[in-house]
$ cat query_1.cif   # mmCIF, C-alpha atoms and all ligand atoms
data_coords
loop_
_atom_site.label_atom_id
_atom_site.label_comp_id
_atom_site.auth_asym_id
_atom_site.auth_seq_id
_atom_site.Cartn_x
_atom_site.Cartn_y
_atom_site.Cartn_z
CA MET A 24 80.15 -73.84 -19.04
CA THR A 25 79.97 -77.59 -18.42
CA THR A 26 83.20 -79.21 -19.49
CA SER A 27 84.35 -82.02 -17.17
CA LEU A 28 83.32 -85.51 -18.19
CA GLU A 29 81.47 -86.01 -14.93
CA ALA A 30 79.55 -82.76 -15.28
CA LEU A 31 78.76 -83.47 -18.94
CA ALA A 32 77.57 -86.97 -18.07
CA SER A 33 75.42 -85.73 -15.25
CA GLU A 34 73.76 -82.96 -17.28
CA PHE A 35 73.62 -84.40 -20.76
CA GLY A 36 74.35 -88.14 -20.66
CA ARG A 37 71.61 -90.51 -21.88
CA ASP A 38 71.94 -94.05 -20.50
CA GLY A 39 73.28 -96.37 -23.17
CA SER A 40 72.55 -93.82 -25.94
CA LEU A 41 74.88 -90.88 -25.38
CA TRP A 42 77.97 -90.59 -23.22
CA PHE A 43 81.17 -88.55 -23.08
CA ALA A 44 84.77 -89.66 -23.22
CA GLU A 45 88.30 -88.38 -23.66
CA SER A 46 89.27 -89.30 -27.22
CA PRO A 47 92.74 -90.72 -27.94
CA LEU A 48 92.92 -87.81 -30.42
CA GLY A 49 93.26 -85.47 -27.44
CA GLY A 50 89.84 -83.96 -26.80
CA THR A 51 86.40 -84.56 -25.37
CA VAL A 52 83.91 -86.38 -27.57
CA ALA A 53 80.28 -87.41 -27.34
CA GLU A 54 79.55 -91.02 -28.33
CA LEU A 55 76.09 -91.60 -29.81
CA ALA A 56 74.50 -95.07 -30.04
CA ALA A 57 71.11 -95.36 -31.72
CA SER A 58 68.68 -98.12 -30.75
CA GLY A 59 68.96 -99.64 -34.23
CA GLY A 60 72.71 -100.08 -33.89
CA ALA A 61 74.11 -96.99 -35.64
CA ARG A 62 77.03 -95.18 -33.97
CA ALA A 63 78.53 -91.70 -34.24
CA THR A 64 81.25 -89.71 -32.52
CA VAL A 65 81.14 -85.91 -32.17
CA ALA A 66 84.07 -83.82 -30.93
CA LEU A 67 83.20 -80.82 -28.76
CA LYS A 68 86.04 -78.97 -30.47
CA GLY A 69 84.57 -77.60 -33.66
CA ALA A 70 81.29 -79.52 -33.11
CA GLN A 71 82.95 -81.92 -35.54
CA VAL A 72 81.45 -85.30 -36.37
CA LEU A 73 84.43 -87.68 -36.47
CA SER A 74 82.71 -90.97 -37.19
CA TYR A 75 79.42 -92.34 -38.50
CA ILE A 76 78.78 -96.09 -38.71
CA PRO A 77 75.24 -97.03 -39.85
CA ALA A 78 73.53 -100.04 -38.30
CA GLY A 79 75.08 -103.22 -39.72
CA GLY A 80 77.42 -101.16 -41.87
CA ARG A 81 80.94 -99.80 -41.86
CA GLU A 82 82.51 -96.36 -41.36
CA VAL A 83 81.10 -93.76 -43.73
CA LEU A 84 83.41 -90.87 -42.87
CA TRP A 85 87.13 -90.65 -43.55
CA LEU A 86 89.39 -89.46 -40.74
CA SER A 87 93.11 -88.97 -41.23
CA PRO A 88 95.33 -91.32 -39.23
CA LEU A 89 97.15 -88.11 -38.26
CA ALA A 90 94.02 -86.29 -37.03
CA ARG A 91 94.37 -84.60 -33.62
CA LEU A 92 91.90 -82.65 -31.48
CA ASP A 93 94.59 -81.02 -29.33
CA GLY A 94 96.45 -79.14 -32.05
CA ALA A 95 96.06 -75.66 -33.52
CA LYS A 96 94.73 -77.11 -36.78
CA PRO A 97 91.34 -78.77 -37.17
CA ALA A 98 91.25 -82.57 -37.21
CA ARG A 99 91.51 -83.62 -40.87
CA GLY A 100 88.39 -85.58 -41.74
CA GLY A 101 84.86 -86.20 -40.48
CA ILE A 102 82.59 -83.18 -40.92
CA PRO A 103 84.44 -79.91 -40.15
CA VAL A 104 82.14 -76.88 -39.78
CA CYS A 105 83.33 -74.06 -42.05
CA TRP A 106 81.84 -70.86 -40.57
CA PRO A 107 81.31 -67.85 -40.76
CA TRP A 108 83.13 -67.94 -44.06
CA PHE A 109 84.10 -70.62 -46.58
CA GLY A 110 87.60 -70.73 -48.05
CA ALA A 111 90.08 -67.89 -47.69
CA HIS A 112 88.82 -64.76 -45.88
CA PRO A 113 88.22 -61.96 -48.40
CA GLU A 114 90.61 -59.73 -46.45
CA GLY A 115 93.30 -62.40 -46.33
CA GLY A 116 95.84 -61.71 -43.63
CA ASP A 117 95.96 -64.10 -40.73
CA ARG A 118 92.26 -64.97 -40.92
CA PRO A 119 92.05 -68.81 -40.87
CA ALA A 120 90.81 -70.56 -43.99
CA HIS A 121 87.21 -71.74 -43.59
CA GLY A 122 86.56 -69.51 -40.58
CA PHE A 123 87.27 -69.98 -36.88
CA ALA A 124 84.37 -72.26 -35.82
CA ARG A 125 86.14 -75.54 -36.62
CA THR A 126 88.91 -74.88 -34.11
CA ALA A 127 86.73 -73.25 -31.44
CA HIS A 128 85.32 -74.90 -28.33
CA TRP A 129 81.61 -75.59 -28.58
CA MET A 130 79.30 -76.10 -25.60
CA VAL A 131 76.78 -78.90 -25.27
CA VAL A 132 73.37 -77.30 -24.86
CA ALA A 133 70.99 -80.25 -25.18
CA THR A 134 70.78 -83.96 -25.87
CA SER A 135 67.89 -86.33 -26.52
CA ALA A 136 67.34 -90.05 -26.99
CA SER A 137 64.28 -91.90 -28.27
CA ALA A 138 63.51 -95.15 -30.07
CA ASP A 139 63.98 -93.27 -33.36
CA ALA A 140 67.10 -91.22 -32.81
CA VAL A 141 69.78 -89.84 -30.52
CA SER A 142 70.76 -86.20 -30.87
CA ILE A 143 73.16 -83.63 -29.47
CA GLN A 144 73.03 -79.87 -29.86
CA LEU A 145 76.08 -77.67 -29.45
CA ALA A 146 76.52 -73.91 -29.49
CA LEU A 147 79.59 -71.85 -30.27
CA GLY A 148 80.87 -70.47 -27.01
CA PRO A 149 80.12 -66.77 -26.31
CA ASP A 150 83.79 -66.20 -25.47
CA THR A 151 84.92 -67.16 -28.97
CA PRO A 152 86.87 -64.25 -30.46
CA LYS A 153 84.85 -63.50 -33.56
CA HIS A 154 85.32 -61.53 -36.73
CA GLY A 155 83.00 -62.18 -39.64
CA LEU A 156 82.98 -62.41 -43.40
CA ASP A 157 82.72 -58.62 -43.57
CA GLY A 158 85.79 -58.27 -41.38
CA LEU A 159 83.74 -56.65 -38.63
CA GLU A 160 82.94 -57.87 -35.14
CA CYS A 161 80.78 -60.90 -35.95
CA PRO A 162 77.20 -60.54 -34.63
CA LEU A 163 76.37 -64.10 -35.59
CA ALA A 164 75.66 -67.02 -33.26
CA ALA A 165 76.00 -70.63 -34.39
CA SER A 166 74.56 -73.93 -33.24
CA VAL A 167 74.95 -77.46 -34.57
CA GLU A 168 72.62 -80.40 -34.15
CA VAL A 169 73.75 -83.96 -34.89
CA ARG A 170 70.91 -86.49 -35.12
CA LEU A 171 71.68 -90.21 -35.42
CA GLY A 172 68.95 -92.65 -36.39
CA ALA A 173 68.31 -94.57 -39.60
CA ASP A 174 70.71 -92.05 -41.16
CA LEU A 175 72.89 -89.15 -40.01
CA ALA A 176 71.56 -85.60 -40.06
CA VAL A 177 73.72 -82.57 -39.27
CA SER A 178 72.38 -79.02 -39.23
CA LEU A 179 74.22 -75.72 -38.75
CA THR A 180 71.99 -72.83 -37.67
CA THR A 181 73.15 -69.23 -37.74
CA ARG A 182 71.35 -66.36 -36.03
CA ASN A 183 72.08 -62.67 -36.55
CA LEU A 184 72.04 -61.14 -33.07
CA GLY A 185 73.16 -57.78 -34.36
CA SER A 186 71.27 -54.68 -35.44
CA GLN A 187 72.71 -54.68 -38.95
CA PRO A 188 72.40 -57.12 -41.85
CA ALA A 189 75.26 -59.64 -41.98
CA ARG A 190 76.64 -61.92 -44.68
CA LEU A 191 77.69 -65.52 -44.26
CA THR A 192 79.30 -68.29 -46.26
CA SER A 193 79.67 -71.78 -44.75
CA ALA A 194 79.98 -75.50 -45.43
CA LEU A 195 79.61 -78.87 -43.81
CA HIS A 196 82.98 -80.02 -45.16
CA THR A 197 82.23 -83.73 -45.17
CA TYR A 198 85.05 -86.24 -45.82
CA PHE A 199 83.62 -89.54 -47.13
CA ALA A 200 85.53 -92.81 -46.99
CA VAL A 201 85.96 -94.68 -50.29
CA ALA A 202 87.86 -97.90 -50.93
CA ASP A 203 89.65 -96.38 -53.94
CA ILE A 204 89.15 -92.85 -55.31
CA ALA A 205 90.14 -94.11 -58.78
CA GLU A 206 86.96 -96.20 -58.85
CA ALA A 207 84.64 -93.69 -57.20
CA ARG A 208 82.24 -91.30 -58.90
CA VAL A 209 79.76 -88.61 -57.88
CA GLU A 210 76.37 -88.57 -59.60
CA GLY A 211 73.74 -85.84 -59.57
CA LEU A 212 75.75 -82.77 -60.51
CA GLY A 213 75.96 -83.34 -64.24
CA LEU A 214 75.04 -80.26 -66.30
CA THR A 215 75.42 -78.04 -63.18
CA SER A 216 77.95 -75.25 -63.63
CA TYR A 217 80.87 -75.11 -61.25
CA ILE A 218 83.67 -72.79 -60.24
CA ASP A 219 86.94 -74.55 -61.01
CA GLN A 220 89.18 -73.69 -58.07
CA LEU A 221 92.14 -75.12 -59.95
CA ASP A 222 91.69 -72.96 -63.03
CA ALA A 223 91.49 -69.37 -61.76
CA GLY A 224 87.85 -69.78 -60.77
CA ARG A 225 86.65 -70.26 -64.33
CA ILE A 226 83.00 -71.33 -64.64
CA LYS A 227 82.61 -74.71 -66.36
CA THR A 228 80.14 -77.55 -66.73
CA CYS A 229 80.72 -81.27 -66.91
CA GLU A 230 78.32 -83.78 -68.32
CA GLY A 231 77.65 -86.95 -66.42
CA ALA A 232 79.29 -88.23 -63.27
CA ILE A 233 82.37 -86.71 -61.62
CA VAL A 234 85.36 -89.06 -61.70
CA PHE A 235 88.75 -88.52 -60.09
CA ALA A 236 92.12 -88.62 -61.81
CA GLY A 237 94.17 -86.24 -59.73
CA GLU A 238 93.34 -83.07 -57.78
CA LEU A 239 89.79 -81.82 -58.20
CA ASP A 240 88.34 -78.77 -56.43
CA ARG A 241 84.96 -77.49 -57.61
CA ILE A 242 82.18 -75.33 -56.21
CA TYR A 243 78.98 -76.38 -57.98
CA GLN A 244 76.52 -73.51 -58.18
CA ASP A 245 72.70 -73.75 -58.24
CA ALA A 246 73.16 -77.26 -56.87
CA THR A 247 70.21 -77.94 -54.58
CA GLY A 248 69.55 -81.65 -54.92
CA GLU A 249 70.77 -84.92 -53.53
CA VAL A 250 73.98 -86.36 -54.92
CA MET A 251 75.18 -89.95 -54.87
CA LEU A 252 78.70 -91.06 -54.09
CA VAL A 253 79.29 -94.43 -55.77
CA ASP A 254 82.14 -96.23 -54.03
CA LYS A 255 82.53 -98.99 -56.64
CA ALA A 256 85.55 -100.61 -55.07
CA GLY A 257 83.83 -100.49 -51.69
CA GLY A 258 80.60 -102.01 -52.98
CA ARG A 259 78.31 -99.27 -51.66
CA SER A 260 76.73 -95.94 -52.48
CA ILE A 261 76.24 -93.01 -50.13
CA ALA A 262 73.38 -90.54 -50.63
CA VAL A 263 74.10 -86.95 -49.62
CA ASP A 264 70.98 -84.82 -49.29
CA LYS A 265 70.88 -81.23 -48.06
CA SER A 266 68.80 -78.10 -47.45
CA GLY A 267 69.59 -74.41 -47.01
CA SER A 268 72.29 -74.62 -49.65
CA ARG A 269 72.62 -73.72 -53.31
CA SER A 270 76.24 -74.82 -53.68
CA THR A 271 78.01 -78.15 -53.32
CA VAL A 272 81.79 -78.43 -53.08
CA VAL A 273 83.55 -81.53 -54.40
CA TRP A 274 87.22 -81.97 -53.52
CA ASN A 275 89.99 -84.48 -53.67
CA PRO A 276 93.55 -83.17 -53.21
CA GLY A 277 95.31 -85.73 -55.40
CA PRO A 278 98.85 -86.83 -54.54
CA ALA A 279 100.71 -83.53 -54.91
CA LYS A 280 98.43 -81.36 -52.76
CA ALA A 281 98.03 -84.21 -50.26
CA ALA A 282 101.81 -84.24 -49.89
CA ARG A 283 101.84 -80.45 -49.40
CA LEU A 284 99.08 -80.63 -46.79
CA GLY A 285 101.03 -83.39 -45.03
CA ASP A 286 98.24 -84.56 -42.70
CA LEU A 287 96.34 -87.09 -44.77
CA GLY A 288 98.60 -90.04 -44.01
CA GLN A 289 100.23 -92.38 -46.49
CA GLU A 290 98.16 -92.18 -49.71
CA GLY A 291 95.20 -91.05 -47.59
CA TYR A 292 93.90 -89.05 -50.56
CA ARG A 293 93.07 -92.38 -52.26
CA GLN A 294 90.55 -93.28 -49.54
CA MET A 295 88.60 -90.01 -49.30
CA VAL A 296 86.47 -87.56 -51.18
CA CYS A 297 84.79 -84.40 -49.88
CA ILE A 298 81.20 -83.67 -50.86
CA GLU A 299 80.27 -80.50 -49.00
CA PRO A 300 76.79 -78.99 -48.70
CA ALA A 301 77.74 -75.32 -48.64
CA ASN A 302 76.90 -71.66 -49.06
CA ALA A 303 79.95 -70.81 -51.15
CA GLY A 304 80.91 -68.91 -54.28
CA ALA A 305 77.96 -66.76 -55.32
CA ASP A 306 75.78 -68.54 -52.73
CA VAL A 307 76.21 -65.91 -49.99
CA VAL A 308 73.60 -65.86 -47.21
CA GLU A 309 72.29 -62.40 -46.28
CA LEU A 310 70.91 -62.35 -42.73
CA SER A 311 68.75 -59.45 -41.62
CA PRO A 312 68.89 -58.41 -37.93
CA GLY A 313 67.27 -61.24 -35.95
CA GLY A 314 67.34 -63.44 -39.05
CA MET A 315 68.20 -67.13 -39.03
CA HIS A 316 69.58 -69.61 -41.57
CA THR A 317 70.06 -73.38 -41.39
CA LEU A 318 72.42 -75.39 -43.59
CA ALA A 319 71.66 -79.09 -43.20
CA THR A 320 72.76 -82.43 -44.62
CA ARG A 321 71.44 -85.96 -44.40
CA ILE A 322 73.75 -88.90 -45.12
CA SER A 323 72.48 -92.41 -45.83
CA THR A 324 74.10 -95.53 -47.28
CA LEU A 325 72.68 -97.93 -49.85
CA PRO A 326 73.84 -101.27 -51.17
CA ARG A 327 75.59 -100.49 -54.42
O1 LIG B 401 86.60 -77.58 -49.75
C1 LIG B 401 87.74 -77.66 -50.58
C2 LIG B 401 88.83 -76.78 -49.99
O2 LIG B 401 88.45 -75.43 -50.01
C3 LIG B 401 90.12 -77.04 -50.77
O3 LIG B 401 90.48 -75.93 -51.54
C4 LIG B 401 91.13 -77.35 -49.67
O4 LIG B 401 91.75 -76.16 -49.21
C5 LIG B 401 90.22 -77.97 -48.62
O5 LIG B 401 89.08 -77.13 -48.62
C6 LIG B 401 90.83 -78.20 -47.26
O6 LIG B 401 91.05 -76.99 -46.61
P1 LIG B 401 91.79 -77.07 -45.16
O7 LIG B 401 91.84 -75.64 -44.68
O8 LIG B 401 90.94 -77.93 -44.28
O9 LIG B 401 93.13 -77.70 -45.41
#

$ encode --input "query_1.cif" --output "structure tokens" --more "lines below"
Ligand code: TA6
Amino acid sequence: MTTSLEALASEFGRDGSLWFAESPLGGTVAELAASGGARATVALKGAQVLSYIPAGGREVLWLSPLARLDGAKPARGGIPVCWPWFGAHPEGGDRPAHGFARTAHWMVVATSASADAVSIQLALGPDTPKHGLDGLECPLAASVEVRLGADLAVSLTTRNLGSQPARLTSALHTYFAVADIAEARVEGLGLTSYIDQLDAGRIKTCEGAIVFAGELDRIYQDATGEVMLVDKAGGRSIAVDKSGSRSTVVWNPGPAKAARLGDLGQEGYRQMVCIEPANAGADVVELSPGGMHTLATRISTLPR
């Protein structure tokens, strides 16, 4: 398994477009630089995108000032990969919330660079201790592709290598940067029912845009379309498109939960909102033996 910077550079580096470095956060990252000027940073731990800066633009993703790659917890921010389950494991116990993939080491398996885009593909290491959503030995394999060009595309592909059907829930748990959560809104989910995670999982609907006045934690069901994050105070909008997903999670911890979590930094909750293309709630993926599923997102910025 190629891990040293020199070995990674030799096998997967792409002159001027993709290189590897030791991040000050305490782990190895791939730096992507598209010909048009866009930049992205991907941590090998968790196959986690940490940064995305479009050409001529500013950072799109929020990353906690306390984020670390060398701790037991996942780095707070960017695009954590929740897999092979979303949320708490049905059996509880010591199973980590949002699965084990986001704290596992991923291997680089391929890179590419062209005039249009730079991409990196990573695979979850075969030595990752794995138990699945069903609590059994997990027969699933995972790979992530990050493609940087005019926008940012991230896809999570799962394959069932076992001889039995397997179930999967997952999410690309994307943290978006906003200038002020109090002036941000999410459009495109009006009239879609959601599971209210703050009200015993009751099913509700909300008309119009989502606005934030404290903690909000919702799993929108039958949500298959693009949503728009309007960062009014920041003077921009961010389009979040997706495929392979019928659920979208929207989350902001608010001040009290942010204080309990303790790793968002001073008032960090005011500068972030999660919009997560997911397979969550009733949106459970059933994979037959040999079957494959891809959850993908595409992120692009617009003038407001
Ligand atoms: O996606 C929303 C959510 O499930 C929230 O309930 C909150 O727990 C958040 O994920 C962050 O979870 P984490 O395990 O990263 O602290």

$ residues_near_ligand --input "query_1.cif" --ligand "ligand LIG 401 (chain B)" --cutoff "9 Å" --atoms "only C-alpha atoms and all ligand atoms" --output "ChimeraX atom specification"
/A:96-100,103,105,109-111,119-121,194,196-197,220-221,239-242,272-276,280,284,286,297-299

$ closest_residue --input "query_1.cif" --among "A:Asp38, A:Glu210, A:Glu309, A:Asp245" --to "Ser260 of chain A" --atoms "all atoms listed in the file"
A:Glu210

$ residues_around --input "query_1.cif" --residues "segment 61-71 of chain A" --least-positions-apart "5" --cutoff "9 Å" --atoms "all atoms listed in the file" --output "NGL selection string"
:A and (46 or 50-56 or 76-80 or 92-93 or 97-98 or 101-104 or 123-131 or 143-147 or 166-169 or 171-175)

$ closest_atom_pairs --input "query_1.cif" --of "segment 46-147 of chain A" --to "segment 287-296 of chain A" --cutoff "7 Å" --atoms "all atoms listed in the file" --output "JSON lines"
{"residue": "A:Trp85", "atom": "CA", "partner": "A:Met295", "partner_atom": "CA", "distance": 6.0}
{"residue": "A:Ser87", "atom": "CA", "partner": "A:Leu287", "partner_atom": "CA", "distance": 5.1}
{"residue": "A:Pro88", "atom": "CA", "partner": "A:Gly288", "partner_atom": "CA", "distance": 5.9}
{"residue": "A:Leu89", "atom": "CA", "partner": "A:Gly288", "partner_atom": "CA", "distance": 6.2}

$ closest_residue --input "query_1.cif" --among "A:Arg208, A:Lys153, A:Arg225, A:Arg170" --to "Ala319 of chain A" --atoms "only C-alpha atoms"
A:Arg170

$ atom_distance --input "query_1.cif" --atom1 "atom CA of Trp108 of chain A" --atom2 "atom CA of Gly122 of chain A"
5.1 Å

$ closest_residue --input "query_1.cif" --among "A:Glu114, A:Glu82, A:Asp139, A:Asp306" --to "Leu159 of chain A" --atoms "only C-alpha atoms"
A:Glu114

$ atom_distance --input "query_1.cif" --atom1 "atom CA of Thr192 of chain A" --atom2 "atom CA of Gly158 of chain A"
12.9 Å

$ build_atoms --input "query_1.cif" --residues "segment 60-82 of chain A" --atoms "N, CA, C and O atoms" --output "PDB file, in the frame of the given file"
ATOM      1  N   GLY A  60      71.342 -99.586 -33.745  1.00  0.00           N
ATOM      2  CA  GLY A  60      72.710-100.080 -33.890  1.00  0.00           C
ATOM      3  C   GLY A  60      73.672 -99.097 -34.523  1.00  0.00           C
ATOM      4  O   GLY A  60      74.892 -99.328 -34.557  1.00  0.00           O
ATOM      5  N   ALA A  61      73.191 -97.981 -35.047  1.00  0.00           N
ATOM      6  CA  ALA A  61      74.110 -96.990 -35.640  1.00  0.00           C
ATOM      7  C   ALA A  61      74.935 -96.325 -34.550  1.00  0.00           C
ATOM      8  O   ALA A  61      74.506 -96.218 -33.386  1.00  0.00           O
ATOM      9  N   ARG A  62      76.120 -95.857 -34.900  1.00  0.00           N
ATOM     10  CA  ARG A  62      77.030 -95.180 -33.970  1.00  0.00           C
ATOM     11  C   ARG A  62      77.558 -93.917 -34.609  1.00  0.00           C
ATOM     12  O   ARG A  62      77.746 -93.856 -35.845  1.00  0.00           O
ATOM     13  N   ALA A  63      77.866 -92.933 -33.770  1.00  0.00           N
ATOM     14  CA  ALA A  63      78.530 -91.700 -34.240  1.00  0.00           C
ATOM     15  C   ALA A  63      79.366 -91.144 -33.101  1.00  0.00           C
ATOM     16  O   ALA A  63      79.092 -91.410 -31.925  1.00  0.00           O
ATOM     17  N   THR A  64      80.386 -90.386 -33.490  1.00  0.00           N
ATOM     18  CA  THR A  64      81.250 -89.710 -32.520  1.00  0.00           C
ATOM     19  C   THR A  64      81.342 -88.240 -32.907  1.00  0.00           C
ATOM     20  O   THR A  64      81.551 -87.932 -34.097  1.00  0.00           O
ATOM     21  N   VAL A  65      81.136 -87.358 -31.920  1.00  0.00           N
ATOM     22  CA  VAL A  65      81.140 -85.910 -32.170  1.00  0.00           C
ATOM     23  C   VAL A  65      82.135 -85.258 -31.209  1.00  0.00           C
ATOM     24  O   VAL A  65      82.013 -85.416 -29.989  1.00  0.00           O
ATOM     25  N   ALA A  66      83.107 -84.543 -31.762  1.00  0.00           N
ATOM     26  CA  ALA A  66      84.070 -83.820 -30.930  1.00  0.00           C
ATOM     27  C   ALA A  66      83.466 -82.493 -30.490  1.00  0.00           C
ATOM     28  O   ALA A  66      82.818 -81.806 -31.289  1.00  0.00           O
ATOM     29  N   LEU A  67      83.687 -82.135 -29.208  1.00  0.00           N
ATOM     30  CA  LEU A  67      83.200 -80.820 -28.760  1.00  0.00           C
ATOM     31  C   LEU A  67      83.994 -79.716 -29.447  1.00  0.00           C
ATOM     32  O   LEU A  67      83.459 -78.664 -29.748  1.00  0.00           O
ATOM     33  N   LYS A  68      85.261 -79.964 -29.712  1.00  0.00           N
ATOM     34  CA  LYS A  68      86.040 -78.970 -30.470  1.00  0.00           C
ATOM     35  C   LYS A  68      85.504 -78.921 -31.902  1.00  0.00           C
ATOM     36  O   LYS A  68      85.470 -79.939 -32.600  1.00  0.00           O
ATOM     37  N   GLY A  69      85.045 -77.776 -32.289  1.00  0.00           N
ATOM     38  CA  GLY A  69      84.570 -77.600 -33.660  1.00  0.00           C
ATOM     39  C   GLY A  69      83.214 -78.197 -33.922  1.00  0.00           C
ATOM     40  O   GLY A  69      82.718 -78.135 -35.054  1.00  0.00           O
ATOM     41  N   ALA A  70      82.575 -78.815 -32.886  1.00  0.00           N
ATOM     42  CA  ALA A  70      81.290 -79.520 -33.110  1.00  0.00           C
ATOM     43  C   ALA A  70      81.422 -80.437 -34.317  1.00  0.00           C
ATOM     44  O   ALA A  70      80.558 -80.527 -35.190  1.00  0.00           O
ATOM     45  N   GLN A  71      82.545 -81.148 -34.354  1.00  0.00           N
ATOM     46  CA  GLN A  71      82.950 -81.920 -35.540  1.00  0.00           C
ATOM     47  C   GLN A  71      82.579 -83.389 -35.389  1.00  0.00           C
ATOM     48  O   GLN A  71      83.052 -84.081 -34.494  1.00  0.00           O
ATOM     49  N   VAL A  72      81.727 -83.863 -36.316  1.00  0.00           N
ATOM     50  CA  VAL A  72      81.450 -85.300 -36.370  1.00  0.00           C
ATOM     51  C   VAL A  72      82.741 -85.973 -36.836  1.00  0.00           C
ATOM     52  O   VAL A  72      83.319 -85.569 -37.850  1.00  0.00           O
ATOM     53  N   LEU A  73      83.182 -86.983 -36.106  1.00  0.00           N
ATOM     54  CA  LEU A  73      84.430 -87.680 -36.470  1.00  0.00           C
ATOM     55  C   LEU A  73      84.156 -89.046 -37.083  1.00  0.00           C
ATOM     56  O   LEU A  73      84.991 -89.584 -37.804  1.00  0.00           O
ATOM     57  N   SER A  74      82.993 -89.606 -36.742  1.00  0.00           N
ATOM     58  CA  SER A  74      82.710 -90.970 -37.190  1.00  0.00           C
ATOM     59  C   SER A  74      81.211 -91.164 -37.315  1.00  0.00           C
ATOM     60  O   SER A  74      80.431 -90.606 -36.538  1.00  0.00           O
ATOM     61  N   TYR A  75      80.827 -91.929 -38.345  1.00  0.00           N
ATOM     62  CA  TYR A  75      79.420 -92.340 -38.500  1.00  0.00           C
ATOM     63  C   TYR A  75      79.419 -93.759 -39.066  1.00  0.00           C
ATOM     64  O   TYR A  75      79.917 -93.998 -40.180  1.00  0.00           O
ATOM     65  N   ILE A  76      78.871 -94.694 -38.273  1.00  0.00           N
ATOM     66  CA  ILE A  76      78.780 -96.090 -38.710  1.00  0.00           C
ATOM     67  C   ILE A  76      77.304 -96.471 -38.689  1.00  0.00           C
ATOM     68  O   ILE A  76      76.692 -96.554 -37.619  1.00  0.00           O
ATOM     69  N   PRO A  77      76.663 -96.653 -39.843  1.00  0.00           N
ATOM     70  CA  PRO A  77      75.240 -97.030 -39.850  1.00  0.00           C
ATOM     71  C   PRO A  77      75.048 -98.436 -39.276  1.00  0.00           C
ATOM     72  O   PRO A  77      75.997 -99.238 -39.224  1.00  0.00           O
ATOM     73  N   ALA A  78      73.832 -98.720 -38.875  1.00  0.00           N
ATOM     74  CA  ALA A  78      73.530-100.040 -38.300  1.00  0.00           C
ATOM     75  C   ALA A  78      73.909-101.138 -39.294  1.00  0.00           C
ATOM     76  O   ALA A  78      73.532-101.076 -40.467  1.00  0.00           O
ATOM     77  N   GLY A  79      74.709-102.094 -38.855  1.00  0.00           N
ATOM     78  CA  GLY A  79      75.080-103.220 -39.720  1.00  0.00           C
ATOM     79  C   GLY A  79      76.045-102.852 -40.813  1.00  0.00           C
ATOM     80  O   GLY A  79      76.328-103.658 -41.709  1.00  0.00           O
ATOM     81  N   GLY A  80      76.544-101.608 -40.768  1.00  0.00           N
ATOM     82  CA  GLY A  80      77.420-101.160 -41.870  1.00  0.00           C
ATOM     83  C   GLY A  80      78.830-100.896 -41.404  1.00  0.00           C
ATOM     84  O   GLY A  80      79.237-101.354 -40.328  1.00  0.00           O
ATOM     85  N   ARG A  81      79.559-100.146 -42.215  1.00  0.00           N
ATOM     86  CA  ARG A  81      80.940 -99.800 -41.860  1.00  0.00           C
ATOM     87  C   ARG A  81      81.121 -98.284 -41.957  1.00  0.00           C
ATOM     88  O   ARG A  81      80.247 -97.574 -42.481  1.00  0.00           O
ATOM     89  N   GLU A  82      82.252 -97.812 -41.457  1.00  0.00           N
ATOM     90  CA  GLU A  82      82.510 -96.360 -41.360  1.00  0.00           C
ATOM     91  C   GLU A  82      82.227 -95.653 -42.675  1.00  0.00           C
ATOM     92  O   GLU A  82      82.685 -96.068 -43.740  1.00  0.00           O
TER      93      GLU A  82
END
